[in-house]
Structures are given as C-alpha cells and as structure tokens.
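S.K.: Structure: model.csv, CSV, C-alpha atoms.
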chain,number,residue,atom,x,y,z
R,27,MET,CA,-17.2,24.0,-15.7
R,28,ILE,CA,-13.8,24.2,-17.4
R,29,ALA,CA,-12.0,24.2,-14.0
R,30,TYR,CA,-13.0,20.6,-13.4
R,31,ALA,CA,-11.9,19.4,-16.9
R,32,PRO,CA,-8.4,18.2,-15.8
R,33,ALA,CA,-9.9,16.3,-12.8
R,34,VAL,CA,-12.4,14.6,-15.1
R,35,LEU,CA,-9.7,13.7,-17.6
R,36,PHE,CA,-7.5,12.1,-15.0
R,37,LEU,CA,-10.5,10.2,-13.6
R,38,VAL,CA,-11.4,8.9,-17.0
R,39,LEU,CA,-7.8,7.8,-17.6
R,40,PHE,CA,-7.8,6.2,-14.1
R,41,ALA,CA,-11.0,4.2,-14.9
R,42,ILE,CA,-9.5,3.0,-18.1
R,43,GLY,CA,-6.3,1.9,-16.3
R,44,VAL,CA,-8.3,0.0,-13.6
R,45,LEU,CA,-10.3,-1.8,-16.3
R,46,ARG,CA,-7.1,-2.7,-18.2
R,47,ASP,CA,-5.3,-4.0,-15.1
R,48,ARG,CA,-5.9,-2.8,-11.6
R,49,ARG,CA,-2.4,-4.0,-10.5
R,50,ARG,CA,-0.6,-0.9,-11.8
R,51,PHE,CA,1.0,1.8,-9.8
R,52,SER,CA,0.2,4.2,-12.6
R,53,ASN,CA,-3.5,3.8,-11.5
R,54,ALA,CA,-2.5,5.2,-8.1
R,55,VAL,CA,-0.7,8.2,-9.7
R,56,LEU,CA,-3.7,9.0,-12.0
R,57,LEU,CA,-6.0,8.9,-9.0
R,58,GLY,CA,-3.6,11.3,-7.2
R,59,LEU,CA,-3.5,13.6,-10.1
R,60,ALA,CA,-7.3,13.7,-10.3
R,61,CYS,CA,-7.4,14.6,-6.6
R,62,ILE,CA,-4.8,17.4,-7.1
R,63,SER,CA,-6.7,18.7,-10.1
R,64,LEU,CA,-9.9,18.8,-8.1
R,65,LEU,CA,-8.1,20.7,-5.4
R,66,PHE,CA,-7.0,23.4,-7.9
R,67,ALA,CA,-10.5,23.5,-9.3
R,68,LEU,CA,-11.9,24.2,-5.9
R,69,ILE,CA,-9.4,27.1,-5.5
R,70,VAL,CA,-10.6,28.5,-8.8
R,71,VAL,CA,-14.2,28.1,-7.7
R,72,ALA,CA,-13.5,29.9,-4.4
R,73,ALA,CA,-11.8,32.8,-6.1
R,74,ARG,CA,-14.7,33.2,-8.6
R,75,ALA,CA,-17.2,32.9,-5.8
R,76,HIS,CA,-15.4,35.8,-4.0
R,77,ASP,CA,-15.3,37.9,-7.1
R,78,ARG,CA,-19.0,37.3,-7.7
R,79,GLY,CA,-20.0,38.6,-4.3
R,80,ASN,CA,-20.6,35.2,-2.7
R,81,PRO,CA,-18.1,35.4,0.3
R,82,GLY,CA,-19.9,32.6,2.2
R,83,LEU,CA,-19.0,29.9,-0.4
R,84,ALA,CA,-15.5,31.4,-0.8
R,85,TRP,CA,-14.8,31.3,2.9
R,86,PHE,CA,-16.1,27.7,3.2
R,87,LEU,CA,-13.9,26.5,0.4
R,88,ALA,CA,-10.9,28.4,1.8
R,89,ALA,CA,-11.4,26.9,5.2
R,90,LEU,CA,-11.7,23.4,3.6
R,91,LEU,CA,-8.5,23.9,1.6
R,92,LEU,CA,-6.6,25.3,4.6
R,93,LEU,CA,-7.6,22.3,6.7
R,94,ILE,CA,-5.6,19.9,4.5
R,95,PRO,CA,-2.1,21.5,5.1
R,96,PHE,CA,-3.0,22.0,8.7
R,97,LEU,CA,-3.7,18.3,9.1
R,98,GLY,CA,-0.6,17.4,7.2
R,99,ALA,CA,1.7,19.7,9.2
R,100,PHE,CA,0.5,19.2,12.7
R,101,VAL,CA,-2.1,16.5,13.3
R,102,LEU,CA,-0.5,13.8,11.1
R,103,PRO,CA,3.0,13.9,12.6
R,104,ALA,CA,1.6,13.9,16.1
R,105,LEU,CA,-0.4,10.8,15.3
R,106,LEU,CA,2.6,9.2,13.7
R,107,VAL,CA,4.8,9.8,16.7
R,108,ALA,CA,2.2,8.5,19.1
R,109,ASN,CA,1.7,5.4,16.9
R,110,GLY,CA,5.5,4.9,16.8
R,111,VAL,CA,5.7,4.9,20.6
R,112,LYS,CA,2.9,2.3,20.8
R,113,MET,CA,4.5,0.3,18.1
R,114,ILE,CA,7.8,0.2,19.9
R,115,ARG,CA,6.1,-0.8,23.2
R,116,LYS,CA,4.2,-3.7,21.6
R,117,GLU,CA,6.6,-4.9,18.9
R,118,GLY,CA,10.1,-3.8,20.0
R,119,ARG,CA,12.7,-1.4,18.6
R,120,SER,CA,13.4,-3.0,15.2
R,121,PRO,CA,14.1,-0.6,12.3
R,122,ALA,CA,10.8,-1.5,10.7
R,123,ASN,CA,8.9,-0.7,13.9
R,124,LEU,CA,10.5,2.8,14.1
R,125,LEU,CA,9.2,4.0,10.7
R,126,SER,CA,6.0,5.8,11.8
R,127,PHE,CA,7.9,7.4,14.7
R,128,LEU,CA,10.8,8.6,12.5
R,129,ALA,CA,8.3,9.9,9.8
R,130,GLY,CA,6.5,12.0,12.4
R,131,LEU,CA,9.8,13.4,13.7
R,132,GLY,CA,10.9,14.2,10.2
R,133,ILE,CA,7.8,16.2,9.5
R,134,PHE,CA,8.3,18.2,12.8
R,135,GLY,CA,11.9,18.7,11.8
R,136,LEU,CA,10.9,20.2,8.5
R,137,ILE,CA,8.5,22.5,10.2
R,138,GLY,CA,11.3,23.6,12.5
R,139,LEU,CA,13.6,24.3,9.5
R,140,MET,CA,10.9,26.5,8.0
R,141,VAL,CA,10.5,28.5,11.2
R,142,ALA,CA,14.3,28.9,11.5
R,143,ALA,CA,14.6,30.1,7.9
R,144,ALA,CA,11.8,32.6,8.5
R,145,VAL,CA,13.3,33.9,11.8
R,146,THR,CA,17.0,34.1,10.6
R,147,GLY,CA,16.3,35.4,7.1
R,148,SER,CA,19.1,33.2,5.8
R,149,ARG,CA,18.9,32.8,2.1
R,150,GLY,CA,21.0,29.6,2.2
R,151,LEU,CA,18.8,28.1,4.9
R,152,ALA,CA,15.7,29.2,3.0
R,153,ALA,CA,17.0,27.6,-0.2
R,154,ALA,CA,17.8,24.3,1.6
R,155,THR,CA,14.5,24.3,3.3
R,156,GLY,CA,12.6,25.0,0.1
R,157,THR,CA,14.5,22.2,-1.6
R,158,LEU,CA,13.6,19.7,1.2
R,159,LEU,CA,10.0,20.9,1.0
R,160,LEU,CA,9.8,20.2,-2.7
R,161,ILE,CA,11.4,16.7,-2.3
R,162,ALA,CA,9.0,16.0,0.7
R,163,ALA,CA,6.1,17.2,-1.5
R,164,TYR,CA,7.0,14.8,-4.3
R,165,VAL,CA,7.5,11.9,-1.9
R,166,SER,CA,4.3,12.8,0.0
R,167,PHE,CA,2.3,12.9,-3.3
R,168,LEU,CA,3.5,9.4,-4.2
R,169,PHE,CA,2.8,8.2,-0.7
R,170,PHE,CA,-0.8,9.5,-0.6
R,171,CYS,CA,-1.3,8.1,-4.1
R,172,PHE,CA,-0.1,4.7,-2.7
R,173,ILE,CA,-2.3,4.6,0.4
R,174,GLY,CA,-5.3,6.1,-1.5
R,175,TYR,CA,-5.3,3.5,-4.2
R,176,ALA,CA,-4.2,0.7,-1.9
R,177,PHE,CA,-7.4,1.5,0.2
R,178,LEU,CA,-9.5,1.4,-3.0
R,179,TYR,CA,-7.7,-1.8,-4.3
R,180,GLY,CA,-8.4,-3.6,-1.1
R,181,ARG,CA,-12.2,-3.0,-1.7
R,182,LEU,CA,-12.2,-4.3,-5.3
R,183,ARG,CA,-13.3,-8.0,-5.2
R,184,PRO,CA,-12.2,-10.6,-7.8
R,185,ARG,CA,-15.0,-10.9,-10.3
R,186,ARG,CA,-14.3,-14.4,-11.7
R,187,ASN,CA,-14.0,-18.0,-10.6
R,188,ALA,CA,-10.6,-19.1,-9.2
R,189,ASP,CA,-8.9,-22.4,-9.7
R,190,PHE,CA,-6.5,-21.7,-6.7
R,191,VAL,CA,-6.4,-19.6,-3.6
R,192,VAL,CA,-2.8,-18.8,-2.6
R,193,VAL,CA,-2.1,-17.8,1.0
R,194,LEU,CA,1.3,-16.1,1.5
R,195,GLY,CA,3.3,-17.2,4.5
R,196,SER,CA,5.1,-15.2,7.2
R,197,GLY,CA,7.3,-16.1,10.2
R,198,LEU,CA,6.2,-18.7,12.8
R,199,ILE,CA,6.1,-18.3,16.6
R,200,GLY,CA,8.7,-20.5,18.2
R,201,GLY,CA,9.6,-21.8,14.8
R,202,GLU,CA,6.5,-23.9,14.5
R,203,ARG,CA,3.2,-22.1,15.5
R,204,VAL,CA,1.1,-19.9,13.3
R,205,PRO,CA,1.1,-16.3,14.7
R,206,PRO,CA,-2.1,-14.1,14.7
R,207,LEU,CA,-0.9,-12.2,11.6
R,208,LEU,CA,-0.7,-15.4,9.6
R,209,ALA,CA,-3.8,-16.8,11.2
R,210,SER,CA,-5.7,-13.8,9.9
R,211,ARG,CA,-4.5,-14.6,6.3
R,212,LEU,CA,-5.5,-18.2,6.6
R,213,GLU,CA,-8.9,-17.4,7.9
R,214,ARG,CA,-9.4,-15.0,5.0
R,215,GLY,CA,-8.1,-17.7,2.6
R,216,ARG,CA,-10.7,-20.1,4.1
R,217,ARG,CA,-13.5,-17.6,3.4
R,218,VAL,CA,-12.4,-17.0,-0.1
R,219,TYR,CA,-12.3,-20.8,-0.6
R,220,GLU,CA,-15.8,-21.2,0.8
R,221,ALA,CA,-17.2,-18.4,-1.4
R,222,GLN,CA,-15.7,-20.0,-4.5
R,223,ALA,CA,-16.9,-23.5,-3.4
R,224,ALA,CA,-20.4,-22.1,-3.0
R,225,ARG,CA,-20.4,-21.4,-6.7
R,226,GLY,CA,-19.9,-25.1,-7.4
R,227,ARG,CA,-16.2,-25.0,-8.1
R,228,PRO,CA,-14.1,-25.6,-5.0
R,229,PRO,CA,-10.6,-24.3,-5.7
R,230,VAL,CA,-7.3,-25.7,-4.4
R,231,LEU,CA,-5.7,-23.7,-1.5
R,232,ILE,CA,-1.9,-23.3,-1.7
R,233,THR,CA,-0.1,-22.5,1.5
R,234,SER,CA,3.1,-20.8,0.4
R,235,GLY,CA,6.2,-20.4,2.6
R,236,GLY,CA,9.5,-22.1,3.0
R,237,GLN,CA,11.6,-22.9,6.2
R,238,GLY,CA,13.6,-20.2,7.7
R,239,PRO,CA,16.9,-20.8,9.6
R,240,ASP,CA,15.1,-20.4,12.9
R,241,GLU,CA,12.1,-22.5,12.0
R,242,LYS,CA,11.5,-26.2,12.8
R,243,LEU,CA,9.3,-26.8,9.7
R,244,PRO,CA,8.3,-24.9,6.6
R,245,GLU,CA,5.7,-22.2,7.0
R,246,SER,CA,3.5,-23.8,4.5
R,247,HIS,CA,3.3,-27.0,6.5
R,248,ALA,CA,2.4,-25.2,9.7
R,249,MET,CA,-0.2,-23.3,7.7
R,250,ALA,CA,-1.7,-26.5,6.3
R,251,ASN,CA,-1.7,-28.0,9.8
R,252,TYR,CA,-3.6,-25.0,11.1
R,253,LEU,CA,-6.3,-25.3,8.5
R,254,THR,CA,-6.8,-29.1,8.7
R,255,GLU,CA,-6.9,-29.0,12.5
R,256,ARG,CA,-9.9,-26.7,12.1
R,257,GLY,CA,-11.7,-28.9,9.6
R,258,PHE,CA,-10.4,-27.7,6.3
R,259,PRO,CA,-10.4,-30.6,3.7
R,260,ALA,CA,-6.8,-31.8,3.4
R,261,GLU,CA,-7.3,-33.0,-0.2
R,262,HIS,CA,-7.9,-29.4,-1.2
R,263,ILE,CA,-4.5,-28.1,0.1
R,264,LEU,CA,-1.2,-28.0,-1.7
R,265,ARG,CA,2.1,-26.9,-0.1
R,266,GLU,CA,4.7,-24.6,-1.6
R,267,ASP,CA,7.6,-25.0,0.8
R,268,ARG,CA,10.6,-23.5,-1.0
R,269,SER,CA,10.0,-19.8,-0.9
R,270,ARG,CA,11.8,-17.2,1.3
R,271,THR,CA,10.3,-13.9,0.0
R,272,THR,CA,7.0,-12.7,-1.3
R,273,GLU,CA,8.4,-12.7,-4.9
R,274,GLU,CA,9.4,-16.4,-4.5
R,275,ASN,CA,6.0,-17.2,-2.9
R,276,LEU,CA,4.4,-16.0,-6.2
R,277,GLU,CA,7.0,-17.5,-8.6
R,278,TYR,CA,6.9,-21.0,-7.0
R,279,SER,CA,3.2,-21.0,-6.6
R,280,LYS,CA,2.8,-19.9,-10.2
R,281,ALA,CA,4.9,-23.0,-11.2
R,282,ILE,CA,2.6,-25.3,-9.2
R,283,MET,CA,-0.6,-23.7,-10.7
R,284,SER,CA,0.7,-23.6,-14.3
R,285,ALA,CA,1.7,-27.3,-14.1
R,286,ALA,CA,-1.7,-28.4,-12.6
R,287,VAL,CA,-4.1,-26.1,-14.6
R,288,PRO,CA,-2.7,-24.4,-17.7
R,289,GLY,CA,-4.6,-21.1,-18.0
R,290,TYR,CA,-5.4,-21.0,-14.3
R,291,LYS,CA,-7.0,-18.2,-12.4
R,292,CYS,CA,-6.2,-17.5,-8.7
R,293,VAL,CA,-6.8,-15.3,-5.7
R,294,ILE,CA,-3.8,-14.3,-3.6
R,295,VAL,CA,-4.3,-13.7,0.2
R,296,THR,CA,-2.1,-11.6,2.4
R,297,ASN,CA,-2.6,-8.9,5.0
R,298,ASN,CA,-4.4,-5.7,4.0
R,299,PHE,CA,-1.3,-3.4,4.3
R,300,HIS,CA,0.6,-5.7,2.0
R,301,ALA,CA,-2.1,-6.4,-0.6
R,302,PHE,CA,-1.3,-3.6,-3.2
R,303,ARG,CA,2.4,-4.3,-3.2
R,304,ALA,CA,1.7,-8.0,-3.5
R,305,ALA,CA,-0.5,-7.2,-6.5
R,306,LEU,CA,2.3,-5.2,-8.1
R,307,MET,CA,4.6,-8.1,-7.7
R,308,ALA,CA,2.0,-10.6,-9.0
R,309,ARG,CA,1.8,-8.6,-12.2
R,310,ARG,CA,5.5,-8.4,-12.5
R,311,THR,CA,6.0,-12.1,-12.0
R,312,GLY,CA,3.2,-13.0,-14.4
R,313,VAL,CA,0.8,-14.5,-11.9
R,314,ASP,CA,-2.8,-14.4,-13.2
R,315,GLY,CA,-4.7,-13.3,-10.1
R,316,GLN,CA,-5.8,-10.5,-7.9
R,317,VAL,CA,-4.9,-10.0,-4.2
R,318,VAL,CA,-7.2,-9.7,-1.2
R,319,GLY,CA,-6.2,-8.6,2.2
R,320,SER,CA,-7.0,-9.8,5.7
R,321,PRO,CA,-7.4,-7.5,8.8
R,322,THR,CA,-4.4,-6.2,10.7
R,323,ALA,CA,-4.2,-4.6,14.1
R,324,ALA,CA,-4.8,-0.9,13.8
R,325,TYR,CA,-1.6,0.1,15.6
R,326,PHE,CA,0.5,-2.1,13.2
R,327,TRP,CA,-0.9,-0.5,10.1
R,328,PRO,CA,1.0,2.9,9.8
R,329,SER,CA,4.6,1.5,10.1
R,330,ALA,CA,3.7,-1.5,7.9
R,331,THR,CA,2.2,0.8,5.3
R,332,ILE,CA,5.2,3.1,5.3
R,333,ARG,CA,7.5,0.0,4.9
R,334,GLU,CA,5.4,-1.1,1.9
R,335,PHE,CA,5.6,2.3,0.3
R,336,VAL,CA,9.4,2.5,0.8
R,337,ALA,CA,9.7,-0.9,-0.9
R,338,VAL,CA,7.6,0.3,-3.9
R,339,PHE,CA,9.5,3.6,-4.1
R,340,LEU,CA,12.8,1.7,-4.2
R,341,GLN,CA,11.5,-0.6,-6.9
R,342,HIS,CA,11.4,2.6,-9.1
R,343,LYS,CA,14.5,4.1,-7.7
R,344,ALA,CA,16.0,5.2,-11.0
R,345,VAL,CA,13.0,7.5,-11.8
R,346,ASN,CA,12.4,8.6,-8.2
R,347,PHE,CA,16.0,9.4,-7.3
R,348,THR,CA,16.5,11.2,-10.6
R,349,ILE,CA,13.5,13.4,-9.9
R,350,CYS,CA,14.7,14.1,-6.3
R,351,GLY,CA,18.2,14.8,-7.7
R,352,LEU,CA,16.9,17.3,-10.2
R,353,ILE,CA,14.9,19.0,-7.4
R,354,ALA,CA,18.1,19.1,-5.2
R,355,ALA,CA,20.2,20.5,-8.1
R,356,LEU,CA,17.5,23.2,-8.8
R,357,GLY,CA,17.6,24.1,-5.1
R,358,ALA,CA,21.4,24.3,-5.1
R,359,LEU,CA,21.3,26.5,-8.2
R,360,THR,CA,18.7,28.8,-6.7
R,361,GLY,CA,20.7,29.1,-3.5
R,362,THR,CA,23.9,30.0,-5.4
R,363,LEU,CA,22.1,32.6,-7.6
R,364,GLY,CA,20.4,34.1,-4.6
What does the file become when written as structure tokens?

M.R.:
Amino acid sequence: MIAYAPAVLFLVLFAIGVLRDRRRFSNAVLLGLACISLLFALIVVAARAHDRGNPGLAWFLAALLLLIPFLGAFVLPALLVANGVKMIRKEGRSPANLLSFLAGLGIFGLIGLMVAAAVTGSRGLAAATGTLLLIAAYVSFLFFCFIGYAFLYGRLRPRRNADFVVVLGSGLIGGERVPPLLASRLERGRRVYEAQAARGRPPVLITSGGQGPDEKLPESHAMANYLTERGFPAEHILREDRSRTTEENLEYSKAIMSAAVPGYKCVIVTNNFHAFRAALMARRTGVDGQVVGSPTAAYFWPSATIREFVAVFLQHKAVNFTICGLIAALGALTGTLG
C-alpha cells in the first residue's frame, strides 16, 4: 500500500545506517521518522476504512492513535513527577536528580497554557502557546528517537572477538570503595571477559578512571582491586588512571590499546542509560568498539536518561538551537500578524 511507502523507505535507510555504523545519532532519527511515517499511514488507513464502510477498523485505529497523545499529555508527566519525588528522596536534591520532576511539571505547565489560551481567547497567548508546543514537539521527537534507539542499541551485541574490555569508571564511596552503580559495570565487564575467553581468546580488561579531588585513590585502582578480590586474574587487568570524564576515559584507553595491539577491537562497558551516548563519544574519539550496558535501578533510569539526552542535544546545539530559534521567530511573526 502506498501509504506505507515512506515508513518502509525510512526503515531501509535505518537498516543501512545500522549496518554501516550503529554508533550514529542519525540512526535514531531515521527510526523516529519511520515510526512517524507509520503513524500517518495508520491515519490514512483509518480514513479509508471509514469511507469504505468498515467503521469497526476505523474506530479501532482512531482509539489507538488517540491513546498516544493521551499517554503523552497526562500519564507520562504524572509518572515523571512521581519518579522525581522518589529520586529526590533516595538520591538528594542535586540538579541532575530533579530532571524527571521538572520535566513532568513542564508538561503539566504546557497543558495549563493550552487551557488558558482556549479559555481567554487571547491571540497573543495562543501564539505563544503554539510556539512552545512546536518547540516541545521538536524536542520530544528527538527525545523519543534517542530513547527508542538507545533501547535497541542496548540489545545489539558485539559480533566479533575483542582484544580489550574497557570498563568506564564513576565516583567512589568514601573516596575508596566501589559503589553499586560501578559494581554493576564491573560485573558486566567480567561477564563480557568470560564470554570472550570462552572463545579461546581471553581479552585484557582495562579499568578506566582517574583520581578525583575527594578520592583517596584513582577509580581504576579501586575497580581493579574489586575484581581481583573476587578472583579475577590480575595479569589480565590494565589500569587507566588519568581520566576525569567519559571522553578522557575513551581517549586514554584508546592510547593504551593502540600501543599494545595496533588494529585492536574492544568492548566498552558502562551503565545501560549511558551506553548510547558513550557509543556516540566512542565514534567521535575514534575508538574501535561497541558499548554494552549494565543494569541500573529502575527509579534512577528516567532522570539519568533525560540527562544523557540533554548532553547529546547540546552536542548538536548549533543545529538544535537554530531550529528552535526559527520556530520561535515563526511564532512571533504569526502572533504579530494575528
């Protein structure tokens, strides 16, 4: 059916993009465009079903399509606010921990503006609300592209042998002990190592993380100690102890791997919410490897995912702010003419 042609086209382009390099944000956008195209195709099918005297199918598709905005407008913000409250109780009131709470309040605030514009009949308020809706729609589209492809990326397993397994570090408890979040990464790194070793080629595991100002030893040393205390072979561990950021984790680990094995292949381990952004950074820094994620507490995931998306959004701020600025300018022009 011709209505499905755009969705099929974007799916084909998406598949080609994944085969070329799965570590591209363009893959996420193509997947999102395929979903949007499929949505429009369903609208066309529903309209045609109604015209052809098949109201049952038309009503079913209409209900399905109305469910999406309902979930986005009411259920999602309520869940975000509830998660934000739980996050604050468990992790404290840092700006990063407030993200899901603020996102939920922002959606409710936008709904309130829509109601106020409809009740007052103000053209200026309607134009401002419409502009905010378009900007929110653009950002929301990118966000759902991000989480949709991040979910898919996390389930794509490396297909080749690895010379190295790189475990990215995080902060230490009391400046010296491995926290549960980092322990989850190390245990996943151990499983990747064991899977590779079972193929007959045990890789070298690199613990990557420097020493922060409030830490008594480099993160990589605490990570290595954690593994060796649990029976991991010390001769298969290298320590990268200079990095302070994820990008430095990758750059300094790349230098170690390139010096030891020219033409190396690697697997990078981090938490699942961080895997896709780490993959984007690995591609940007020239690291030849894919990223796998370790489990994270469910309550931690929403705020962490929003933080990851904001970081990716700001990495492309020239394009994103230009598009948002054009939408705002169009809204201002519409309000002036109205």

S.K.: When you look at Val192 (chain R) with a cut-off of 7 Å (counting all atoms listed in the file), what residues show up, excluding the ones that are within fewer than 4 positions of it in the same chain? I need them as JSON, numbers by chain.

M.R.: {"R": [231, 232, 233, 234, 293, 294, 295]}

S.K.: So that I can check the surroundings of Ala122 (chain R), please list as a VMD selection string every protein, DNA and RNA residue that reaches within 10 Å of it, counting only C-alpha atoms and ignoring chain neighbours fewer than 6 positions away.

M.R.: chain R and resid 113 to 114 329 to 330 332 to 333

S.K.: Enter the distance from CA of Lys280 (chain R) to CA of Arg185 (chain R), in Å, rounded to one decimal.

M.R.: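 We find that CA of Lys280 (chain R) and CA of Arg185 (chain R) lie 19.9 Å from each other.
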
S.K.: By how many Å are CA of Ala344 (chain R) and CA of Ala153 (chain R) apart?

M.R.: 24.9 Å

S.K.: For the point (1.3, -4.1, -4.2) in file coordinates, what residues are within 9 Å, counting all atoms listed in the file? Give the answer as a ChimeraX atom specification?

M.R.: /R:49-51,176,299-308,317,334-335,338

S.K.: Figure out the distance between CA of Ala162 (chain R) and CA of Ile349 (chain R), please, to one decimal in Å.

M.R.: 11.8 Å

S.K.: Excluding Leu359 (chain R) and any residue of its chain fewer than 4 positions from it, enumerate the residues within 12 Å of it, using all atoms listed in the file, and give them as a ChimeraX atom specification.

M.R.: /R:150,153-154,157,352-355,363-364

S.K.: From the options R:Pro328, R:Gly357, R:Pro288, R:Gly226, which residue's atoms come nearest to Ala129 (chain R), counting all atoms listed in the file?

M.R.: R:Pro328

S.K.: Which is closer to Gly319 (chain R) than all the others in R:Leu198, R:Arg181, R:Ala250, R:Asp267, using all atoms listed in the file?

M.R.: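 Closest residue, counting all atoms listed in the file: R:Arg181.
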
S.K.: Measuring atom to atom with all atoms listed in the file, identify which of R:Asn123, R:Gly257, R:Arg149, R:Ala54 is nearest to Leu178 (chain R).

M.R.: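 Under the stated criterion, the closest residue is R:Ala54.
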
S.K.: Choose the residue, out of R:Ile161, R:Leu151, R:Ala248, R:Ile62, that has the smallest atom-to-atom separation from Asn346 (chain R); count only C-alpha atoms.

M.R.: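 Looking only at the distances to Asn346 (chain R), the closest residue turns out to be R:Ile161.
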
S.K.: Which residue is closest to Asn298 (chain R)? Choose from R:Gln222, R:Ser269, R:Asn251, R:Ser210 and count only C-alpha atoms.

M.R.: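 Closest residue, counting only C-alpha atoms: R:Ser210.
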
S.K.: For a quick check of understanding, using all atoms listed in the file, which of R:Glu241, R:Phe339, R:Ser320, R:Cys61 has the smallest distance to Arg214 (chain R)?

M.R.: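 Of R:Glu241, R:Phe339, R:Ser320, R:Cys61, the one nearest Arg214 (chain R), counting all atoms listed in the file, is R:Ser320.
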
S.K.: Pick out the residues sitting within 12 Å of Leu39 (chain R), and hand them over as a list in words; count only C-alpha atoms, and ignore anything fewer than 6 positions along from it in its own chain.

M.R.: Pro32, Ala33, Leu45, Arg46, Ser52, Asn53, Ala54, Val55, Leu56, Leu57, Gly58, Leu59 and Ala60 of chain R

S.K.: Go ahead and write the selection's residues with C-alpha atoms as a PDB file, in the coordinates of the input.

M.R.:
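This went into again04.pdb:
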ATOM      1  CA  PRO R  32      -8.400  18.200 -15.800  1.00  0.00           C
ATOM      2  CA  ALA R  33      -9.900  16.300 -12.800  1.00  0.00           C
ATOM      3  CA  LEU R  45     -10.300  -1.800 -16.300  1.00  0.00           C
ATOM      4  CA  ARG R  46      -7.100  -2.700 -18.200  1.00  0.00           C
ATOM      5  CA  SER R  52       0.200   4.200 -12.600  1.00  0.00           C
ATOM      6  CA  ASN R  53      -3.500   3.800 -11.500  1.00  0.00           C
ATOM      7  CA  ALA R  54      -2.500   5.200  -8.100  1.00  0.00           C
ATOM      8  CA  VAL R  55      -0.700   8.200  -9.700  1.00  0.00           C
ATOM      9  CA  LEU R  56      -3.700   9.000 -12.000  1.00  0.00           C
ATOM     10  CA  LEU R  57      -6.000   8.900  -9.000  1.00  0.00           C
ATOM     11  CA  GLY R  58      -3.600  11.300  -7.200  1.00  0.00           C
ATOM     12  CA  LEU R  59      -3.500  13.600 -10.100  1.00  0.00           C
ATOM     13  CA  ALA R  60      -7.300  13.700 -10.300  1.00  0.00           C
TER      14      ALA R  60
END
